[in-house]
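**Student:** Contents are compact mmCIF, C-alpha atoms and all ligand atoms; file name entry.txt:
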```
# COMPACT_ATOMS: atom_id res chain seq x y z
CA MET A 454 -58.53 -64.71 -52.44
CA LYS A 455 -56.25 -62.36 -50.58
CA ILE A 456 -54.45 -64.09 -47.75
CA ALA A 457 -52.06 -62.62 -45.18
CA PHE A 458 -49.62 -64.39 -42.90
CA VAL A 459 -48.80 -62.29 -39.86
CA GLY A 460 -47.22 -62.90 -36.47
CA LYS A 461 -44.19 -62.28 -34.36
CA GLY A 462 -40.77 -62.26 -36.04
CA GLY A 463 -39.39 -65.79 -36.13
CA SER A 464 -42.79 -67.43 -35.59
CA GLY A 465 -42.76 -68.98 -39.05
CA LYS A 466 -44.72 -66.52 -41.23
CA THR A 467 -42.36 -66.89 -44.16
CA THR A 468 -42.09 -70.64 -43.78
CA LEU A 469 -45.84 -71.17 -43.62
CA SER A 470 -46.54 -68.65 -46.40
CA SER A 471 -44.11 -70.49 -48.63
CA LEU A 472 -45.61 -73.90 -47.80
CA PHE A 473 -49.11 -72.60 -48.43
CA ILE A 474 -48.00 -71.12 -51.74
CA ARG A 475 -46.41 -74.43 -52.74
CA HIS A 476 -49.57 -76.25 -51.70
CA LEU A 477 -51.76 -74.01 -53.86
CA ALA A 478 -49.37 -74.22 -56.77
CA ALA A 479 -49.33 -78.01 -56.55
CA ALA A 480 -53.15 -77.89 -56.78
CA ARG A 481 -52.71 -75.76 -59.94
CA VAL A 482 -54.28 -72.70 -58.33
CA PRO A 483 -52.89 -69.44 -59.75
CA VAL A 484 -50.89 -67.61 -57.07
CA ILE A 485 -49.17 -64.29 -56.65
CA ALA A 486 -46.72 -64.54 -53.78
CA VAL A 487 -45.96 -61.20 -52.16
CA ASP A 488 -43.12 -60.55 -49.79
CA ALA A 489 -44.29 -57.51 -47.82
CA ASP A 490 -41.94 -58.02 -44.92
CA ILE A 491 -39.09 -55.56 -44.73
CA ASN A 492 -36.81 -58.51 -44.07
CA GLN A 493 -37.13 -60.21 -47.39
CA HIS A 494 -37.04 -64.00 -47.06
CA LEU A 495 -39.96 -65.33 -49.05
CA GLY A 496 -37.97 -65.75 -52.25
CA ALA A 497 -35.44 -67.95 -50.50
CA ALA A 498 -38.21 -69.94 -48.83
CA LEU A 499 -39.63 -70.57 -52.30
CA GLY A 500 -36.28 -71.98 -53.32
CA LEU A 501 -34.66 -69.02 -55.09
CA ASP A 502 -30.91 -68.88 -54.75
CA ASP A 503 -29.47 -65.79 -53.08
CA ALA A 504 -28.55 -64.02 -56.30
CA THR A 505 -31.97 -64.57 -57.88
CA ALA A 506 -33.78 -63.53 -54.70
CA ALA A 507 -31.65 -60.39 -54.45
CA ALA A 508 -32.39 -59.57 -58.08
CA LEU A 509 -36.18 -59.52 -57.55
CA PRO A 510 -37.40 -56.05 -58.47
CA ALA A 511 -38.42 -53.89 -55.52
CA MET A 512 -42.01 -52.68 -55.76
CA GLY A 513 -41.03 -49.68 -53.66
CA ALA A 514 -38.61 -48.62 -56.37
CA HIS A 515 -41.38 -48.79 -58.98
CA LEU A 516 -43.92 -46.79 -57.05
CA PRO A 517 -44.22 -44.00 -59.66
CA LEU A 518 -44.92 -46.55 -62.38
CA ILE A 519 -47.43 -48.40 -60.19
CA LYS A 520 -49.31 -45.20 -59.41
CA GLU A 521 -49.24 -43.97 -62.98
CA TYR A 522 -50.67 -47.24 -64.26
CA LEU A 523 -53.32 -47.73 -61.57
CA ARG A 524 -54.77 -44.25 -61.79
CA GLY A 525 -55.50 -44.93 -65.46
CA ASN A 526 -57.79 -42.15 -66.62
CA ASN A 527 -59.59 -41.74 -63.34
CA PRO A 528 -60.50 -38.03 -63.44
CA ARG A 529 -60.46 -37.77 -59.64
CA ILE A 530 -56.75 -38.53 -59.49
CA GLY A 531 -55.02 -35.75 -61.36
CA SER A 532 -51.47 -37.02 -61.06
CA ALA A 533 -49.43 -39.87 -59.66
CA GLU A 534 -47.89 -37.39 -57.20
CA THR A 535 -51.19 -36.94 -55.42
CA MET A 536 -51.74 -40.66 -55.12
CA ILE A 537 -50.96 -42.03 -51.67
CA LYS A 538 -50.91 -45.64 -50.57
CA THR A 539 -54.58 -45.54 -49.57
CA THR A 540 -55.92 -43.76 -52.66
CA PRO A 541 -58.88 -45.93 -53.69
CA PRO A 542 -59.74 -46.93 -57.25
CA GLY A 543 -62.70 -45.28 -58.96
CA ASP A 544 -64.25 -45.07 -62.37
CA GLY A 545 -61.40 -44.99 -64.90
CA SER A 546 -58.81 -46.66 -62.64
CA GLN A 547 -56.94 -49.68 -63.88
CA LEU A 548 -57.66 -52.82 -61.93
CA LEU A 549 -55.34 -55.78 -61.57
CA ARG A 550 -56.28 -59.43 -61.94
CA VAL A 551 -54.29 -62.35 -60.60
CA GLY A 552 -53.72 -63.63 -64.11
CA GLY A 553 -52.99 -61.72 -67.27
CA ASP A 554 -50.32 -59.14 -67.74
CA ASN A 555 -49.91 -55.42 -67.18
CA PRO A 556 -47.07 -52.93 -66.72
CA VAL A 557 -47.06 -53.45 -62.94
CA TYR A 558 -46.44 -57.19 -63.23
CA HIS A 559 -44.03 -56.55 -66.04
CA ALA A 560 -41.95 -54.28 -63.83
CA CYS A 561 -42.37 -56.01 -60.48
CA ALA A 562 -43.37 -59.65 -60.83
CA ARG A 563 -41.09 -62.57 -61.57
CA THR A 564 -41.92 -66.20 -62.21
CA VAL A 565 -40.76 -68.67 -59.58
CA ARG A 566 -40.69 -72.30 -60.64
CA LEU A 567 -41.87 -74.86 -58.12
CA ASP A 568 -41.79 -78.60 -58.81
CA GLY A 569 -43.11 -78.48 -62.35
CA THR A 570 -45.43 -75.54 -61.77
CA SER A 571 -44.89 -71.86 -61.12
CA VAL A 572 -46.15 -68.84 -59.26
CA ARG A 573 -45.66 -65.15 -59.69
CA MET A 574 -43.72 -63.36 -57.04
CA MET A 575 -43.50 -59.70 -56.07
CA ALA A 576 -41.55 -58.08 -53.24
CA THR A 577 -41.65 -54.68 -51.56
CA GLY A 578 -37.89 -54.59 -51.56
CA PRO A 579 -35.39 -54.68 -48.75
CA PHE A 580 -35.29 -52.18 -45.96
CA THR A 581 -32.02 -50.31 -46.18
CA GLU A 582 -30.21 -47.74 -44.07
CA SER A 583 -31.37 -44.95 -46.34
CA ASP A 584 -35.01 -45.85 -45.65
CA LEU A 585 -34.69 -44.82 -42.04
CA GLY A 586 -36.32 -41.55 -43.02
CA VAL A 587 -39.79 -42.98 -42.42
CA ALA A 588 -41.44 -41.61 -45.55
CA CYS A 589 -39.57 -43.97 -47.88
CA TYR A 590 -40.24 -46.94 -45.72
CA HIS A 591 -43.97 -46.26 -45.65
CA SER A 592 -44.13 -45.85 -49.38
CA LYS A 593 -42.37 -49.16 -49.89
CA VAL A 594 -45.01 -51.11 -48.08
CA GLY A 595 -47.58 -48.79 -49.64
CA ALA A 596 -46.92 -50.27 -53.06
CA VAL A 597 -48.35 -53.59 -51.90
CA GLU A 598 -51.35 -51.89 -50.41
CA LEU A 599 -52.10 -49.95 -53.59
CA CYS A 600 -51.97 -53.16 -55.58
CA LEU A 601 -54.27 -54.98 -53.16
CA ASN A 602 -56.78 -52.13 -53.34
CA HIS A 603 -56.80 -52.33 -57.12
CA LEU A 604 -56.81 -56.08 -57.37
CA VAL A 605 -59.89 -58.10 -58.18
CA ASP A 606 -59.58 -61.79 -57.47
CA GLY A 607 -61.89 -64.71 -57.99
CA ARG A 608 -62.39 -67.79 -55.88
CA GLU A 609 -59.64 -69.96 -57.27
CA GLU A 610 -57.04 -67.21 -57.55
CA TYR A 611 -54.75 -66.42 -54.65
CA VAL A 612 -52.61 -63.55 -53.50
CA VAL A 613 -50.55 -64.66 -50.51
CA VAL A 614 -48.81 -61.93 -48.55
CA ASP A 615 -45.99 -62.56 -46.09
CA MET A 616 -46.42 -59.55 -43.85
CA THR A 617 -45.06 -57.77 -40.81
CA ALA A 618 -47.68 -57.37 -38.11
CA GLY A 619 -46.59 -53.84 -37.38
CA SER A 620 -48.54 -50.77 -36.31
CA ASP A 621 -48.11 -49.63 -39.90
CA SER A 622 -50.63 -52.08 -41.25
CA PHE A 623 -53.15 -50.92 -38.64
CA ALA A 624 -52.74 -47.23 -39.45
CA SER A 625 -53.04 -47.65 -43.19
CA GLY A 626 -55.81 -50.22 -43.04
CA MET A 627 -53.71 -52.84 -44.80
CA PHE A 628 -54.82 -55.40 -42.22
CA THR A 629 -58.39 -55.15 -43.57
CA ARG A 630 -57.38 -55.98 -47.15
CA PHE A 631 -57.55 -59.76 -46.81
CA ASP A 632 -60.20 -62.44 -47.07
CA MET A 633 -58.31 -64.39 -44.46
CA THR A 634 -55.49 -63.54 -42.08
CA PHE A 635 -53.45 -66.40 -40.70
CA LEU A 636 -51.76 -65.40 -37.50
CA VAL A 637 -48.78 -67.66 -36.97
CA ALA A 638 -48.10 -68.18 -33.28
CA GLU A 639 -45.65 -70.29 -31.39
CA PRO A 640 -47.00 -71.59 -28.12
CA THR A 641 -45.38 -68.80 -26.13
CA ARG A 642 -46.63 -65.72 -24.29
CA LYS A 643 -45.09 -63.45 -26.91
CA GLY A 644 -46.78 -65.32 -29.72
CA ILE A 645 -50.11 -64.92 -27.96
CA ALA A 646 -49.50 -61.23 -27.24
CA VAL A 647 -49.28 -60.51 -30.96
CA TYR A 648 -52.51 -62.45 -31.47
CA ARG A 649 -54.31 -60.43 -28.79
CA GLN A 650 -53.24 -57.14 -30.33
CA TYR A 651 -54.25 -58.21 -33.81
CA LYS A 652 -57.57 -59.53 -32.60
CA GLU A 653 -58.27 -56.21 -30.94
CA TYR A 654 -57.85 -54.29 -34.19
CA ALA A 655 -59.53 -56.96 -36.27
CA ARG A 656 -62.70 -56.98 -34.19
CA ASP A 657 -63.95 -53.59 -35.36
CA PHE A 658 -63.45 -54.39 -39.03
CA ASP A 659 -64.83 -57.91 -39.45
CA VAL A 660 -61.38 -59.25 -40.26
CA SER A 661 -61.35 -63.05 -40.55
CA LEU A 662 -58.51 -64.16 -38.32
CA LYS A 663 -57.33 -67.70 -37.64
CA VAL A 664 -54.38 -68.80 -35.57
CA VAL A 665 -51.93 -71.30 -36.99
CA GLY A 666 -49.86 -72.77 -34.18
CA ASN A 667 -46.30 -73.37 -35.28
CA LYS A 668 -43.43 -75.34 -33.76
CA VAL A 669 -45.99 -77.16 -31.65
CA GLN A 670 -44.12 -80.04 -30.07
CA SER A 671 -46.29 -81.54 -27.37
CA ALA A 672 -49.77 -81.99 -25.96
CA ASP A 673 -48.90 -79.25 -23.52
CA ASP A 674 -48.09 -76.83 -26.37
CA LEU A 675 -51.41 -77.62 -27.97
CA ALA A 676 -53.31 -77.22 -24.70
CA PHE A 677 -51.63 -73.86 -24.14
CA LEU A 678 -52.70 -72.55 -27.54
CA ARG A 679 -56.24 -73.89 -27.10
CA ALA A 680 -56.55 -72.23 -23.74
CA GLU A 681 -55.20 -68.90 -24.99
CA VAL A 682 -56.90 -68.52 -28.36
CA GLY A 683 -59.89 -70.87 -28.14
CA ASP A 684 -61.84 -71.36 -31.34
CA ASP A 685 -59.54 -69.07 -33.28
CA LEU A 686 -57.02 -71.90 -33.35
CA LEU A 687 -57.36 -73.44 -36.79
CA VAL A 688 -54.57 -75.95 -36.90
CA THR A 689 -51.07 -76.59 -35.61
CA VAL A 690 -47.83 -77.42 -37.36
CA GLY A 691 -44.97 -79.28 -35.75
CA HIS A 692 -41.28 -79.24 -36.50
CA SER A 693 -40.77 -80.10 -40.16
CA ASP A 694 -37.71 -82.02 -41.29
CA TRP A 695 -38.70 -81.09 -44.84
CA VAL A 696 -38.35 -77.39 -43.94
CA ARG A 697 -35.11 -78.05 -42.10
CA ALA A 698 -33.64 -79.92 -45.08
CA MET A 699 -34.44 -76.95 -47.28
CA GLU A 700 -32.74 -74.64 -44.80
CA LYS A 701 -29.69 -76.85 -45.10
CA GLY A 702 -29.69 -76.24 -48.82
CA ARG A 703 -30.90 -79.76 -49.57
CA PRO A 704 -34.46 -79.19 -50.77
CA ALA A 705 -36.69 -82.22 -51.26
CA PRO A 706 -39.62 -82.32 -53.69
CA PHE A 707 -42.74 -80.80 -52.17
CA ALA A 708 -44.50 -84.14 -52.58
CA GLU A 709 -42.28 -85.39 -49.74
CA LEU A 710 -43.58 -82.91 -47.17
CA GLU A 711 -44.75 -84.70 -44.01
CA ASP A 712 -48.38 -85.90 -44.14
CA ALA A 713 -49.41 -84.06 -41.00
CA ASN A 714 -48.11 -80.80 -42.38
CA ARG A 715 -49.82 -81.38 -45.70
CA ARG A 716 -53.09 -81.89 -43.84
CA ALA A 717 -52.47 -78.63 -42.02
CA LEU A 718 -52.03 -76.87 -45.37
CA GLU A 719 -55.23 -78.48 -46.59
CA ALA A 720 -56.98 -76.99 -43.55
CA LEU A 721 -55.60 -73.53 -44.39
CA TYR A 722 -56.84 -73.85 -47.95
CA GLY A 723 -60.26 -74.98 -46.73
CA ALA A 724 -60.54 -72.12 -44.24
CA ALA A 725 -59.47 -69.57 -46.83
CA ASP A 726 -61.89 -70.92 -49.41
CA ALA A 727 -64.76 -70.91 -46.92
CA THR A 728 -64.47 -67.13 -46.58
CA TYR A 729 -65.46 -66.68 -50.22
CA ALA A 730 -69.11 -67.04 -49.34
CA GLN A 731 -68.83 -64.07 -46.96
CA ARG A 732 -67.00 -61.88 -49.38
CA ASP A 733 -68.48 -58.41 -49.46
CA TRP A 734 -66.98 -56.04 -52.02
CA GLN A 735 -69.12 -53.22 -50.74
CA ARG A 736 -67.63 -53.52 -47.28
CA TYR A 737 -64.17 -53.95 -48.80
CA THR A 738 -64.54 -50.72 -50.74
CA ARG A 739 -66.08 -48.89 -47.78
CA GLN A 740 -63.15 -49.84 -45.58
CA MET A 741 -60.58 -48.65 -48.07
CA VAL A 742 -62.36 -45.33 -48.30
CA HIS A 743 -62.53 -45.12 -44.51
CA PHE A 744 -58.78 -45.58 -44.15
CA HIS A 745 -58.06 -43.30 -47.07
CA LEU A 746 -59.98 -40.45 -45.47
CA ARG A 747 -58.20 -41.07 -42.19
CA ASN A 748 -54.78 -41.07 -43.83
CA ALA A 749 -55.65 -38.06 -45.97
CA GLU A 750 -56.55 -36.09 -42.91
CA SER A 751 -53.67 -37.18 -40.72
CA TRP A 752 -50.82 -36.71 -43.22
CA GLY A 753 -51.80 -37.14 -46.89
CA ASN A 754 -53.41 -33.75 -47.51
CA ALA A 755 -50.48 -31.98 -45.91
CA LYS A 756 -47.95 -34.03 -47.80
CA THR A 757 -49.48 -33.62 -51.25
CA GLY A 758 -51.04 -30.18 -50.81
CA ALA A 759 -54.30 -31.53 -52.22
CA ASP A 760 -57.69 -32.41 -50.77
CA LEU A 761 -57.42 -36.17 -51.06
CA ALA A 762 -61.00 -36.77 -49.96
CA ALA A 763 -61.90 -35.64 -53.48
CA GLN A 764 -60.25 -38.79 -54.82
CA VAL A 765 -63.09 -40.90 -53.52
CA ASP A 766 -65.57 -41.96 -56.19
CA PRO A 767 -68.77 -42.37 -54.20
CA ALA A 768 -70.46 -44.59 -56.76
CA PHE A 769 -67.58 -46.99 -57.24
CA ILE A 770 -67.54 -50.49 -55.78
CA LEU A 771 -64.63 -52.78 -56.45
CA SER A 772 -65.93 -56.11 -57.71
CA GLU A 773 -65.24 -58.94 -60.08
CA SER A 774 -67.48 -57.32 -62.65
CA ALA A 775 -65.75 -53.94 -62.27
CA ALA A 776 -62.56 -55.43 -63.59
CA THR A 777 -62.08 -55.30 -67.31
CA PRO A 778 -60.54 -58.55 -68.49
CA GLN A 779 -56.85 -58.30 -69.22
CA PRO A 780 -55.29 -60.20 -72.09
CA ALA A 781 -53.71 -63.44 -70.95
N1 LIG A 801 -42.55 -75.89 -38.74
C1 LIG A 801 -41.24 -75.65 -38.85
N2 LIG A 801 -40.35 -76.67 -38.91
C2 LIG A 801 -39.01 -76.43 -38.97
N3 LIG A 801 -38.46 -75.20 -38.99
C3 LIG A 801 -39.31 -74.16 -38.94
C4 LIG A 801 -40.73 -74.31 -38.88
N4 LIG A 801 -41.29 -73.09 -38.84
C5 LIG A 801 -40.29 -72.21 -38.89
N5 LIG A 801 -39.09 -72.82 -38.94
C6 LIG A 801 -37.77 -72.19 -38.95
O1 LIG A 801 -37.78 -71.11 -38.01
C7 LIG A 801 -37.09 -69.99 -38.51
C8 LIG A 801 -37.99 -68.77 -38.51
O2 LIG A 801 -39.04 -68.99 -39.41
P1 LIG A 801 -39.54 -67.86 -40.45
O3 LIG A 801 -40.56 -68.50 -41.29
O4 LIG A 801 -38.38 -67.24 -41.11
O5 LIG A 801 -40.21 -66.84 -39.43
P2 LIG A 801 -40.80 -65.37 -39.69
O6 LIG A 801 -41.01 -65.22 -41.15
O7 LIG A 801 -42.08 -65.34 -38.91
O8 LIG A 801 -39.80 -64.40 -39.13
C9 LIG A 801 -36.58 -70.36 -39.89
O9 LIG A 801 -35.26 -70.80 -39.79
C10 LIG A 801 -37.50 -71.51 -40.28
O10 LIG A 801 -36.88 -72.40 -41.17
MG MG A 802 -40.21 -63.78 -42.43
```
Mind turning the file's structure into structure tokens?

**Tutor:**
Amino acid sequence: MKIAFVGKGGSGKTTLSSLFIRHLAAARVPVIAVDADINQHLGAALGLDDATAAALPAMGAHLPLIKEYLRGNNPRIGSAETMIKTTPPGDGSQLLRVGGDNPVYHACARTVRLDGTSVRMMATGPFTESDLGVACYHSKVGAVELCLNHLVDGREEYVVVDMTAGSDSFASGMFTRFDMTFLVAEPTRKGIAVYRQYKEYARDFDVSLKVVGNKVQSADDLAFLRAEVGDDLLVTVGHSDWVRAMEKGRPAPFAELEDANRRALEALYGAADATYAQRDWQRYTRQMVHFHLRNAESWGNAKTGADLAAQVDPAFILSESAATPQPA
């Protein structure tokens, strides 16, 4: 299950992603945690100290390796250089599973221990001054997108992505890569504005979108969110002393998280799981091809000097059965 947390900066995307990841891990569900925000905070929210978080490999820096591995022996993709972030898998491509091992995980994933269990974590890498030339920046986030497009996940396997809700994810189609998108919104006009924009894009692509109200303090806050987002409001989270204690550098065991917040996480898990029944790999594949053709036309063909439409394998459908099992 591919899950995104999006929303305005400061709304609590990283906090809620990390709590959801901890919740899944505590239930012994395999998880890959992905920090796809250019401001990298997920590692810290999962309890890594600064040095360990800073030492996480940057997926953006491993893009050549990622492309080389994923293209496998797909005859439609002649070289890693012609692979762009939207290049879809086809016959011969290597697919990723949540479990198992492969050169991409070897280079980019690290194990994060959480209260007697663990998850895998990957990060796009920080956004630095030198990335201000847009091309680099796009390719950084593109590494996550390539992995999502080549990743086959089953029902009790999660990829949780802490993501920026930028125009980037709309242009590339990244926002369509998830079984469920949790839009984290504070009960403010700005929080709602991001929801409206997302909803607008999501509508045309059957994106499952639910609002998670955060920092909801009063009945008035709740009424505001209800009035503004209606049935899209899944659940609300209040101020958490557990989160605050962690921010103070005094983390408590996850078992001590407030009951109300644990119930909220249970609701997220339930809502995510419920989307499994509607999963449609055909649509998923069709959408990635749609965005690939759009990106090929608008910049990819010019950038690579190749006709990237030829990378599309018309007979290929990503699916659980398309994935060859990887050794554990
Ligand atoms: N429910 C909560 N209870 C207490 N503090 C919270 C809660 N949600 C977010 N915060 C705090 O608010 C700040 C911003 O949250 P963060 O998750 O980093 O936002 P984002 O990732 O959307 O930019 C952080 O200091 C975080 O600890
Ligand atoms: Mg964040």

**Student:** Looking at all atoms listed in the file, which of A:Gly666, A:Gly569, A:Pro542, A:Gly626 is the one that sits closest to ligand LIG 801 (chain A)?

**Tutor:**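 Nearest candidate to ligand LIG 801 (chain A) out of A:Gly666, A:Gly569, A:Pro542, A:Gly626: A:Gly666.
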
**Student:** Near Ser571 of chain A, counting all atoms listed in the file, which residues have an atom at most 12 Å away, once you skip same-chain residues fewer than 2 positions from it, shown as an MDAnalysis selection string?

**Tutor:** chainID A and resid 474:486 499:500 563:569 573:574

**Student:** Counting only C-alpha atoms and all ligand atoms, name the residues that have an atom within 9 Å of an atom of ligand LIG 801 (chain A); the answer should be given as a PyMOL selection string.

**Tutor:** chain A and resi 458-471+490+492-495+498+615-617+637-638+667-669+690-700+714

**Student:** Counting only C-alpha atoms, which of A:Ala768, A:Asn527, A:Ser625, A:Ala457 gets nearest to Val660 of chain A?

**Tutor:**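 Of A:Ala768, A:Asn527, A:Ser625, A:Ala457, the one nearest Val660 of chain A, counting only C-alpha atoms, is A:Ala457.
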
**Student:** So, counting only C-alpha atoms, which residue among A:Pro704, A:Gly578, A:Gly723, A:Pro541 is closest to Asn748 of chain A?

**Tutor:**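 Among A:Pro704, A:Gly578, A:Gly723, A:Pro541, it is A:Pro541 that comes nearest to Asn748 of chain A.
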
**Student:** Work out how far atom CA of Arg608 of chain A is from atom CA of Ala624 of chain A, in Å to one decimal.

**Tutor:**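 Here the two named atoms are 28.0 Å from each other.
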
**Student:** Which residue is closest to Leu718 of chain A? Choose from A:Leu687, A:Glu610, A:Val605, A:Met627 and count only C-alpha atoms.

**Tutor:** A:Leu687

**Student:** Env of Ala672 of chain A: 12 Å cut, atoms = only C-alpha atoms, seq-sep filter 6 positions within chain, self excluded. Answer as a VMD selection string.

**Tutor:** chain A and resid 640 678 to 679 689 691

**Student:** Name the closest residue to ligand MG 802 (chain A) among the candidates A:Asp685, A:Met512, A:Thr539, A:Ala497; distances are taken between atoms, counting only C-alpha atoms and all ligand atoms.

**Tutor:**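 Going through A:Asp685, A:Met512, A:Thr539, A:Ala497 one by one, the smallest distance to ligand MG 802 (chain A) is for A:Ala497.
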
**Student:** Find the residue from A:Glu773, A:Asp606, A:Glu639, A:Asp488 that sits nearest to ligand MG 802 (chain A); use all atoms listed in the file when measuring.

**Tutor:**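 For ligand MG 802 (chain A), the nearest of the given residues is A:Asp488.
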
**Student:** Report the distance between atom CA of Met575 of chain A and atom CA of Val557 of chain A in Å, rounded to one decimal place.

**Tutor:**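 Computing it gives 9.9 Å between the two atoms.
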
**Student:** Residues proximal to (-54.0, -32.4, -53.1) were defined as those with any atom within 12 Å of that point in the file's coordinates, counting all atoms listed in the file. Which are they, as a list in words?

**Tutor:**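 I get Arg529, Ile530, Gly531, Ser532, Ala533, Glu534, Thr535, Met536, Ile537, Thr540, Ala749, Glu750, Trp752, Gly753, Asn754, Ala755, Lys756, Thr757, Gly758, Ala759, Asp760, Leu761, Ala762, Ala763 and Gln764 of chain A for the residues within 12 Å of that point.
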